[in-house]
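Source file: protein.cif. Holds: mmCIF, C-alpha atoms.
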```cif
data_protein
loop_
_atom_site.label_atom_id
_atom_site.label_comp_id
_atom_site.auth_asym_id
_atom_site.auth_seq_id
_atom_site.Cartn_x
_atom_site.Cartn_y
_atom_site.Cartn_z
CA MET E 217 0.00 0.00 0.00
CA THR E 218 1.42 3.35 -1.01
CA GLU E 219 1.27 6.17 1.47
CA ARG E 220 -0.75 9.15 0.27
CA ARG E 221 1.24 12.29 0.87
CA PRO E 222 -0.36 15.73 0.74
CA ASP E 223 0.61 17.97 -2.15
CA PRO E 224 3.20 20.52 -0.89
CA ASP E 225 1.76 23.24 -3.15
CA ALA E 226 -1.72 22.53 -1.82
CA LEU E 227 -0.44 22.72 1.76
CA LEU E 228 1.27 26.05 1.07
CA ALA E 229 -1.88 27.44 -0.52
CA HIS E 230 -3.88 26.22 2.46
CA VAL E 231 -1.54 27.98 4.90
CA ARG E 232 -1.80 31.21 2.94
CA ASP E 233 -5.59 30.95 2.82
CA GLU E 234 -5.71 30.37 6.56
CA GLU E 235 -3.55 33.43 7.24
CA ALA E 236 -5.72 35.59 5.01
CA ARG E 237 -8.88 34.22 6.63
CA ARG E 238 -7.67 34.93 10.14
CA ALA E 239 -6.94 38.56 9.23
CA ARG E 240 -10.29 38.97 7.50
CA GLY E 241 -13.64 39.48 9.18
CA LYS E 242 -16.20 36.65 9.36
CA LEU E 243 -19.46 36.86 7.44
CA LYS E 244 -22.73 35.32 8.58
CA VAL E 245 -25.80 35.47 6.34
CA PHE E 246 -29.35 35.01 7.62
CA PHE E 247 -31.10 33.64 4.56
CA GLY E 248 -34.80 33.36 3.81
CA ALA E 249 -37.36 32.66 1.10
CA ALA E 250 -39.05 36.07 1.29
CA ALA E 251 -39.56 39.18 3.36
CA GLY E 252 -41.31 38.54 6.65
CA VAL E 253 -39.87 35.13 7.53
CA GLY E 254 -37.93 36.65 10.45
CA LYS E 255 -34.36 37.14 9.16
CA THR E 256 -33.76 40.49 10.89
CA TYR E 257 -35.33 39.16 14.09
CA ALA E 258 -33.06 36.10 14.03
CA MET E 259 -30.03 38.29 13.31
CA LEU E 260 -30.79 40.54 16.30
CA GLU E 261 -31.32 37.55 18.61
CA ALA E 262 -27.94 36.14 17.57
CA ALA E 263 -26.34 39.57 18.05
CA ARG E 264 -27.79 39.87 21.56
CA ALA E 265 -26.34 36.47 22.42
CA GLN E 266 -22.92 37.65 21.20
CA ARG E 267 -23.24 40.86 23.21
CA ALA E 268 -24.13 38.87 26.34
CA ALA E 269 -20.92 36.89 25.77
CA GLY E 270 -18.90 40.11 25.88
CA VAL E 271 -18.55 40.80 22.14
CA ASP E 272 -18.50 44.46 21.03
CA VAL E 273 -21.66 44.63 18.88
CA VAL E 274 -22.83 47.66 16.89
CA ALA E 275 -25.92 48.01 14.67
CA GLY E 276 -24.64 49.61 11.47
CA VAL E 277 -28.02 49.57 9.74
CA VAL E 278 -31.05 47.55 10.82
CA GLU E 279 -34.38 47.84 9.00
CA THR E 280 -37.08 47.10 11.60
CA HIS E 281 -39.90 48.43 9.39
CA HIS E 282 -41.48 49.71 12.63
CA ARG E 283 -42.18 46.22 13.94
CA ALA E 284 -42.40 46.52 17.72
CA GLU E 285 -41.02 43.05 18.42
CA THR E 286 -37.99 43.69 16.20
CA GLU E 287 -37.33 47.17 17.58
CA ALA E 288 -37.38 45.79 21.13
CA LEU E 289 -34.38 43.59 20.30
CA LEU E 290 -32.32 46.72 19.57
CA ASP E 291 -32.54 47.86 23.19
CA GLY E 292 -29.06 48.01 24.69
CA ILE E 293 -27.25 47.66 21.33
CA GLU E 294 -25.24 50.65 20.14
CA ILE E 295 -26.75 52.08 16.94
CA LEU E 296 -24.50 53.80 14.44
CA PRO E 297 -25.94 57.12 13.20
CA ARG E 298 -26.85 57.07 9.54
CA ARG E 299 -25.31 59.27 6.91
CA ARG E 300 -27.70 61.81 5.37
CA ILE E 301 -27.55 62.53 1.66
CA GLU E 302 -29.62 65.12 -0.18
CA HIS E 303 -30.55 63.95 -3.67
CA ARG E 304 -32.84 65.95 -5.95
CA GLY E 305 -34.49 67.69 -3.06
CA THR E 306 -35.01 64.49 -1.05
CA LEU E 307 -33.14 63.69 2.14
CA LEU E 308 -31.90 60.09 2.11
CA GLU E 309 -30.48 58.15 5.05
CA GLU E 310 -27.83 55.54 4.36
CA PHE E 311 -25.42 53.27 6.17
CA ASP E 312 -22.29 55.24 7.12
CA LEU E 313 -19.42 53.07 5.96
CA ASP E 314 -16.69 55.48 7.05
CA ALA E 315 -18.15 55.81 10.55
CA ALA E 316 -18.33 52.01 10.82
CA LEU E 317 -14.69 51.65 9.81
CA ALA E 318 -13.66 54.33 12.31
CA ARG E 319 -15.69 52.71 15.12
CA HIS E 320 -14.35 49.25 14.14
CA PRO E 321 -16.50 47.04 16.37
CA ALA E 322 -15.90 43.32 16.69
CA LEU E 323 -19.33 42.61 15.17
CA LEU E 324 -21.37 44.89 12.93
CA LEU E 325 -25.01 44.36 11.91
CA VAL E 326 -25.67 45.31 8.29
CA ASP E 327 -29.23 44.46 7.22
CA GLU E 328 -30.43 43.87 3.63
CA LEU E 329 -27.29 42.85 1.78
CA ALA E 330 -28.81 43.47 -1.68
CA HIS E 331 -29.73 47.11 -0.95
CA THR E 332 -28.80 49.76 -3.54
CA ASN E 333 -26.96 52.67 -1.97
CA ALA E 334 -27.90 56.29 -2.54
CA PRO E 335 -26.09 58.20 -5.29
CA GLU E 336 -22.70 59.63 -4.39
CA SER E 337 -22.03 56.73 -2.01
CA ARG E 338 -18.58 55.13 -2.27
CA HIS E 339 -20.11 51.84 -3.40
CA ALA E 340 -23.19 51.27 -5.52
CA ARG E 341 -24.41 48.28 -3.50
CA ARG E 342 -24.41 47.40 0.17
CA TRP E 343 -22.73 44.05 -0.41
CA GLN E 344 -19.69 46.03 -1.60
CA ASP E 345 -19.72 47.92 1.72
CA VAL E 346 -19.75 44.56 3.50
CA LEU E 347 -16.73 43.32 1.55
CA GLU E 348 -14.77 46.42 2.61
CA LEU E 349 -15.78 45.84 6.22
CA LEU E 350 -14.59 42.23 6.03
CA ASP E 351 -11.27 43.30 4.53
CA ALA E 352 -10.89 45.66 7.50
CA GLY E 353 -11.20 42.70 9.90
CA ILE E 354 -14.77 43.41 11.09
CA ASP E 355 -17.21 40.53 11.52
CA VAL E 356 -20.56 41.13 9.82
CA TYR E 357 -24.07 39.76 10.29
CA THR E 358 -26.38 40.41 7.33
CA THR E 359 -29.67 39.26 5.78
CA LEU E 360 -30.67 38.15 2.29
CA ASN E 361 -33.75 36.84 0.47
CA VAL E 362 -33.44 34.09 -2.13
CA GLN E 363 -34.85 36.28 -4.91
CA HIS E 364 -31.84 38.59 -4.59
CA LEU E 365 -29.31 35.86 -5.39
CA GLU E 366 -27.87 36.59 -8.83
CA SER E 367 -27.77 33.02 -10.16
CA LEU E 368 -31.44 32.47 -9.24
CA ASN E 369 -32.67 35.80 -10.58
CA ASP E 370 -33.97 34.32 -13.84
CA VAL E 371 -35.67 31.43 -12.05
CA VAL E 372 -37.42 33.75 -9.60
CA ALA E 373 -38.62 35.97 -12.46
CA LYS E 374 -40.22 32.96 -14.16
CA ILE E 375 -41.89 31.86 -10.92
CA THR E 376 -43.23 35.20 -9.73
CA GLY E 377 -43.37 37.27 -12.90
CA VAL E 378 -41.32 39.93 -11.12
CA VAL E 379 -37.79 40.85 -12.23
CA VAL E 380 -35.73 41.67 -9.14
CA ARG E 381 -33.21 44.41 -9.95
CA GLU E 382 -31.21 44.29 -6.73
CA THR E 383 -29.02 41.18 -6.78
CA VAL E 384 -25.95 39.88 -4.96
CA PRO E 385 -23.25 37.93 -6.88
CA ASP E 386 -22.86 34.30 -5.87
CA SER E 387 -19.16 34.95 -5.27
CA VAL E 388 -20.13 37.03 -2.22
CA LEU E 389 -22.15 34.16 -0.76
CA GLU E 390 -19.21 31.82 -1.35
CA GLN E 391 -17.22 33.90 1.13
CA THR E 392 -19.65 33.29 3.99
CA ASP E 393 -18.34 31.60 7.10
CA GLU E 394 -21.83 30.85 8.43
CA PHE E 395 -25.06 30.48 6.49
CA GLU E 396 -28.28 30.23 8.51
CA LEU E 397 -31.65 29.51 6.95
CA VAL E 398 -34.56 31.33 8.58
CA ASP E 399 -37.59 29.31 7.50
CA LEU E 400 -41.31 29.89 7.99
CA PRO E 401 -44.15 27.75 6.60
CA THR E 402 -46.07 29.38 3.76
CA GLU E 403 -49.34 29.50 5.68
CA ASP E 404 -47.71 31.28 8.63
CA LEU E 405 -46.07 33.86 6.37
CA ARG E 406 -49.34 34.66 4.58
CA ARG E 407 -51.06 34.99 7.95
CA ARG E 408 -48.37 37.43 9.10
CA LEU E 409 -48.93 39.43 5.94
CA LYS E 410 -52.68 39.64 6.51
CA GLU E 411 -52.11 40.70 10.11
CA GLY E 412 -49.95 43.61 8.93
CA LYS E 413 -46.74 42.27 10.52
CA VAL E 414 -44.75 42.53 7.28
CA TYR E 415 -46.23 45.46 5.36
CA VAL E 416 -48.80 48.14 6.12
CA ALA E 417 -52.44 47.23 5.46
CA HIS E 418 -52.84 48.41 1.83
CA GLN E 419 -49.43 47.00 0.83
CA ALA E 420 -50.12 43.68 2.55
CA ALA E 421 -53.36 43.06 0.62
CA GLU E 422 -51.62 43.74 -2.70
CA ALA E 423 -48.62 41.58 -1.76
CA VAL E 424 -50.81 38.57 -0.83
CA ASP E 425 -52.52 38.69 -4.23
CA ASN E 426 -49.31 39.11 -6.26
CA PHE E 427 -45.76 38.26 -5.21
CA PHE E 428 -46.84 36.42 -2.04
CA ARG E 429 -49.27 34.03 -3.69
CA GLU E 430 -49.16 30.59 -2.12
CA GLY E 431 -47.64 28.92 -5.18
CA ASN E 432 -44.92 31.55 -5.41
CA LEU E 433 -44.01 31.18 -1.75
CA ILE E 434 -43.84 27.38 -1.98
CA ALA E 435 -41.47 27.62 -4.95
CA LEU E 436 -39.33 30.30 -3.28
CA ARG E 437 -39.15 28.25 -0.11
CA GLU E 438 -37.96 25.24 -2.11
CA LEU E 439 -35.28 27.38 -3.77
CA ALA E 440 -34.12 28.67 -0.38
CA LEU E 441 -33.94 25.15 1.08
CA ARG E 442 -32.01 23.83 -1.91
CA HIS E 443 -29.52 26.68 -1.88
CA THR E 444 -28.96 26.22 1.84
CA ALA E 445 -28.23 22.54 1.24
CA GLU E 446 -25.72 23.54 -1.44
CA ARG E 447 -23.98 25.94 0.95
CA VAL E 448 -23.76 23.20 3.60
CA ASP E 449 -22.27 20.83 1.04
CA ALA E 450 -19.78 23.51 -0.06
CA LYS E 451 -18.72 23.96 3.55
CA MET E 452 -18.19 20.20 3.84
CA GLN E 453 -16.07 20.19 0.68
CA ARG E 454 -13.95 23.02 2.06
CA TYR E 455 -13.47 21.13 5.31
CA ARG E 456 -12.25 18.08 3.39
CA ARG E 457 -9.78 20.19 1.42
CA GLU E 458 -8.47 21.93 4.53
CA HIS E 459 -7.90 18.60 6.29
CA ALA E 460 -6.46 16.82 3.24
CA ILE E 461 -9.35 14.35 3.18
CA GLY E 462 -9.53 12.48 -0.11
CA PRO E 463 -12.64 12.53 -2.25
CA VAL E 464 -15.47 10.34 -1.02
CA TRP E 465 -16.78 9.74 -4.52
CA PRO E 466 -15.33 10.36 -8.00
CA VAL E 467 -16.66 13.31 -9.94
CA THR E 468 -16.52 12.77 -13.69
CA GLU E 469 -19.00 15.38 -14.94
CA ARG E 470 -17.87 18.37 -16.98
CA VAL E 471 -20.13 21.29 -17.89
CA LEU E 472 -19.67 23.02 -21.25
CA VAL E 473 -21.59 26.23 -21.91
CA CYS E 474 -21.67 27.27 -25.57
CA VAL E 475 -22.32 30.97 -26.09
CA GLY E 476 -22.50 33.44 -28.94
CA PRO E 477 -23.80 36.94 -29.65
CA SER E 478 -27.32 35.97 -28.54
CA PRO E 479 -28.83 37.98 -25.66
CA LEU E 480 -29.47 34.64 -23.92
CA SER E 481 -25.75 33.92 -23.53
CA ALA E 482 -25.47 35.69 -20.16
CA ARG E 483 -28.35 33.60 -18.85
CA LEU E 484 -26.63 30.43 -20.09
CA VAL E 485 -23.44 31.36 -18.26
CA ARG E 486 -25.35 31.80 -14.98
CA ALA E 487 -27.24 28.53 -15.47
CA GLY E 488 -24.05 26.66 -16.37
CA ARG E 489 -22.21 27.98 -13.35
CA ARG E 490 -25.10 27.01 -11.08
CA LEU E 491 -25.22 23.48 -12.55
CA ALA E 492 -21.45 23.09 -12.21
CA ALA E 493 -21.60 24.18 -8.58
CA GLN E 494 -24.33 21.63 -7.86
CA LEU E 495 -22.35 18.84 -9.52
CA GLU E 496 -19.00 19.94 -8.05
CA ALA E 497 -17.78 19.84 -11.63
CA PRO E 498 -15.37 21.97 -13.68
CA TRP E 499 -17.12 24.20 -16.20
CA VAL E 500 -16.00 25.81 -19.41
CA VAL E 501 -17.60 28.55 -21.49
CA ALA E 502 -16.92 28.12 -25.23
CA TYR E 503 -17.33 30.76 -27.92
CA VAL E 504 -16.64 29.61 -31.50
CA GLU E 505 -15.42 32.53 -33.57
CA THR E 506 -16.14 31.84 -37.26
CA PRO E 507 -15.47 34.16 -40.21
CA ALA E 508 -19.12 35.23 -40.02
CA HIS E 509 -18.67 36.21 -36.38
CA ARG E 510 -15.71 38.39 -37.30
CA SER E 511 -18.11 40.65 -39.18
CA LEU E 512 -20.45 41.16 -36.23
CA GLY E 513 -21.80 44.59 -35.49
CA ASP E 514 -20.71 46.67 -32.55
CA GLU E 515 -23.73 45.69 -30.45
CA ASP E 516 -23.16 41.96 -30.93
CA ARG E 517 -19.43 42.31 -30.25
CA ALA E 518 -20.18 44.22 -27.06
CA ARG E 519 -22.58 41.46 -26.01
CA VAL E 520 -19.93 38.78 -26.59
CA ALA E 521 -17.39 40.80 -24.60
CA GLN E 522 -19.91 41.21 -21.77
CA THR E 523 -20.58 37.46 -21.70
CA ASP E 524 -16.83 36.81 -21.64
CA GLY E 525 -16.46 39.21 -18.70
CA ASP E 526 -19.38 37.59 -16.84
CA ALA E 527 -17.76 34.16 -17.21
CA HIS E 528 -14.49 35.52 -15.83
CA GLU E 529 -16.24 37.06 -12.81
CA ARG E 530 -18.02 33.79 -12.02
CA ARG E 531 -14.90 31.64 -12.26
CA ASP E 532 -13.97 29.37 -9.41
CA PRO E 533 -10.25 29.82 -8.54
CA ARG E 534 -10.12 26.15 -7.56
CA LEU E 535 -10.71 25.19 -11.21
CA ARG E 536 -7.85 27.28 -12.57
CA GLY E 537 -5.45 24.34 -12.37
CA HIS E 538 -7.95 22.17 -14.22
CA ALA E 539 -8.21 24.80 -16.95
CA GLU E 540 -4.44 24.89 -17.34
CA ARG E 541 -4.25 21.10 -17.51
CA GLN E 542 -6.92 21.07 -20.22
CA GLN E 543 -5.08 23.61 -22.35
CA ASP E 544 -2.86 21.09 -24.17
CA ARG E 545 -5.89 18.97 -25.08
CA HIS E 546 -7.41 21.78 -27.09
CA ARG E 547 -4.31 22.90 -28.98
CA GLN E 548 -5.15 20.75 -32.02
CA ALA E 549 -8.37 22.75 -32.38
CA ASP E 550 -6.41 26.01 -32.44
CA ALA E 551 -8.03 26.90 -29.09
CA ARG E 552 -7.05 29.22 -26.28
CA LEU E 553 -8.22 28.16 -22.82
CA LEU E 554 -8.21 31.11 -20.46
CA ALA E 555 -7.41 30.72 -16.77
CA ALA E 556 -10.93 31.77 -15.86
CA GLY E 557 -12.40 28.75 -17.61
CA VAL E 558 -13.39 30.48 -20.88
CA LEU E 559 -12.61 28.61 -24.09
CA ARG E 560 -12.33 30.77 -27.20
CA ILE E 561 -12.06 28.75 -30.41
CA ASP E 562 -10.85 30.63 -33.50
CA ARG E 563 -11.33 28.51 -36.57
CA GLY E 564 -10.69 29.68 -40.13
CA ARG E 565 -12.52 28.23 -43.11
CA ALA E 566 -9.63 26.08 -44.28
CA GLY E 567 -8.88 24.65 -40.86
CA ALA E 568 -12.53 23.90 -40.19
CA ARG E 569 -12.89 22.16 -43.59
CA GLN E 570 -9.84 19.99 -42.92
CA ARG E 571 -11.06 18.98 -39.49
CA ARG E 572 -14.52 18.20 -40.87
CA ASP E 573 -13.08 15.99 -43.65
CA ARG E 574 -10.81 14.20 -41.18
CA TYR E 575 -13.75 13.62 -38.84
CA LEU E 576 -15.90 12.17 -41.68
CA ARG E 577 -13.07 9.86 -42.75
CA ASP E 578 -12.69 8.56 -39.20
CA GLN E 579 -16.43 7.99 -38.95
CA ARG E 580 -16.47 6.00 -42.22
CA ARG E 581 -13.60 3.82 -41.00
CA ARG E 582 -15.40 3.08 -37.75
CA HIS E 583 -18.64 2.16 -39.54
CA ALA E 584 -16.77 -0.02 -42.00
CA ALA E 585 -15.03 -1.85 -39.17
CA ALA E 586 -18.32 -2.34 -37.35
CA ASP E 587 -20.07 -3.73 -40.46
CA ALA E 588 -17.27 -6.11 -41.40
CA PRO E 589 -18.06 -9.82 -40.74
CA PRO E 590 -16.29 -11.30 -37.77
CA ALA E 591 -13.07 -13.17 -38.51
CA ARG E 592 -13.56 -16.93 -38.80
CA PRO E 593 -11.75 -18.86 -36.05
CA PRO E 594 -8.97 -21.16 -37.24
CA ALA E 595 -9.96 -24.78 -37.77
CA SER E 596 -9.00 -27.09 -34.96
CA GLU E 597 -6.50 -29.79 -35.77
#
```
Once more with this new file: its structure as structure tokens, please.
Amino acid sequence: MTERRPDPDALLAHVRDEEARRARGKLKVFFGAAAGVGKTYAMLEAARAQRAAGVDVVAGVVETHHRAETEALLDGIEILPRRRIEHRGTLLEEFDLDAALARHPALLLVDELAHTNAPESRHARRWQDVLELLDAGIDVYTTLNVQHLESLNDVVAKITGVVVRETVPDSVLEQTDEFELVDLPTEDLRRRLKEGKVYVAHQAAEAVDNFFREGNLIALRELALRHTAERVDAKMQRYRREHAIGPVWPVTERVLVCVGPSPLSARLVRAGRRLAAQLEAPWVVAYVETPAHRSLGDEDRARVAQTDGDAHERRDPRLRGHAERQQDRHRQADARLLAAGVLRIDRGRAGARQRRDRYLRDQRRRHAAADAPPARPPASE
């Protein structure tokens, strides 16, 4: 029996990751299927428990929506004053990122991760504020609904008929240290809506008849449960890597996403990345550049470039080595495999014609061999 030794490069990378993780803040996400399931309430209860244990806790921004039970949980917790911004004659109140960095608590509460910041803010989205806080070594508790997850945005739009504009990239969720599902049965959530515990009376009645229909909530709850299971599995995979535990089962799947100038290409990239994450499989985005594609208009070229950029942003650094190993296999096709997992194939007319003819010849040989009668065994003496 041969002794399995850990890869020295993998050990060095693990040590570096551990050092970076220790210096960085920890992120905990309270995740739910929809507004009203109790994410903010659960976050405040967890924060109070941390405060009771002696942790320095500050509420950076908490949206209670005037719910008495939620506001009561803020008693005794330091609340960071909000920054006021005047925009087109309207006074807006936003989370004060600079004040939070200057205060530098051990744990900061930042509600509604997908929120869009007011104009003239340093970052366009609140999740970008959270990343800066984490880089500064501050632990963060935050909340998120499933419809705001970027990779599920298309699915949610098909279910509910509502296109959610505020989304959070999956790469942000992949950086979470803790992921807690806050679940509430559909019937209980609809009852809370009718009782005015989520929205005011006239908004609640409209919400129950539209976005919060029973079928919608059941589907959203299923999505939330599935994504939570995926996050738990991802955490288990990370634990196995950190402790040099070999794979429990072989993974042979590969996901290939073929894109072009079509407006649907960006959606295919998101769907392919989501499928690859579920299968724990490497994924590659392929764009075949033919002579016809070289004469594309500016709009189509811009769309291809945007799809290429989206694939790069959604790359998994763990698959970079796989991409590099696959590079030699695609050289005969005059291909260039980028480190992000994007395969760009540039084929001229002559090269494509030669490869096609060679492929047809090989196919004819195989069919001829298959149709040939079996060789007669030699006669016995």
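Selection by the PyMOL selection byres ((chain E and resi 349-357) around 7) on the present file picks out Ala239, Arg240, Gly241, Lys242, Leu243, Lys244, Val245, Met259, Leu317, His320, Pro321, Ala322, Leu323, Leu324, Leu325, Val326, Asp345, Val346, Leu347, Glu348 and Thr358 of chain E.
The two atoms in question, CA of Thr402 (chain E) and CA of Arg447 (chain E), are spaced 22.5 Å apart.
Counting all atoms listed in the file and comparing E:Val520, E:Val253, E:Ala263, E:Ala315, the residue that lies closest to Gly276 (chain E) is E:Ala315.
In this model, the gap between CA of Tyr257 (chain E) and CA of Leu289 (chain E) comes to 7.7 Å.
With CA of Leu260 (chain E) on one side and CA of His282 (chain E) on the other, the separation reads 14.6 Å.
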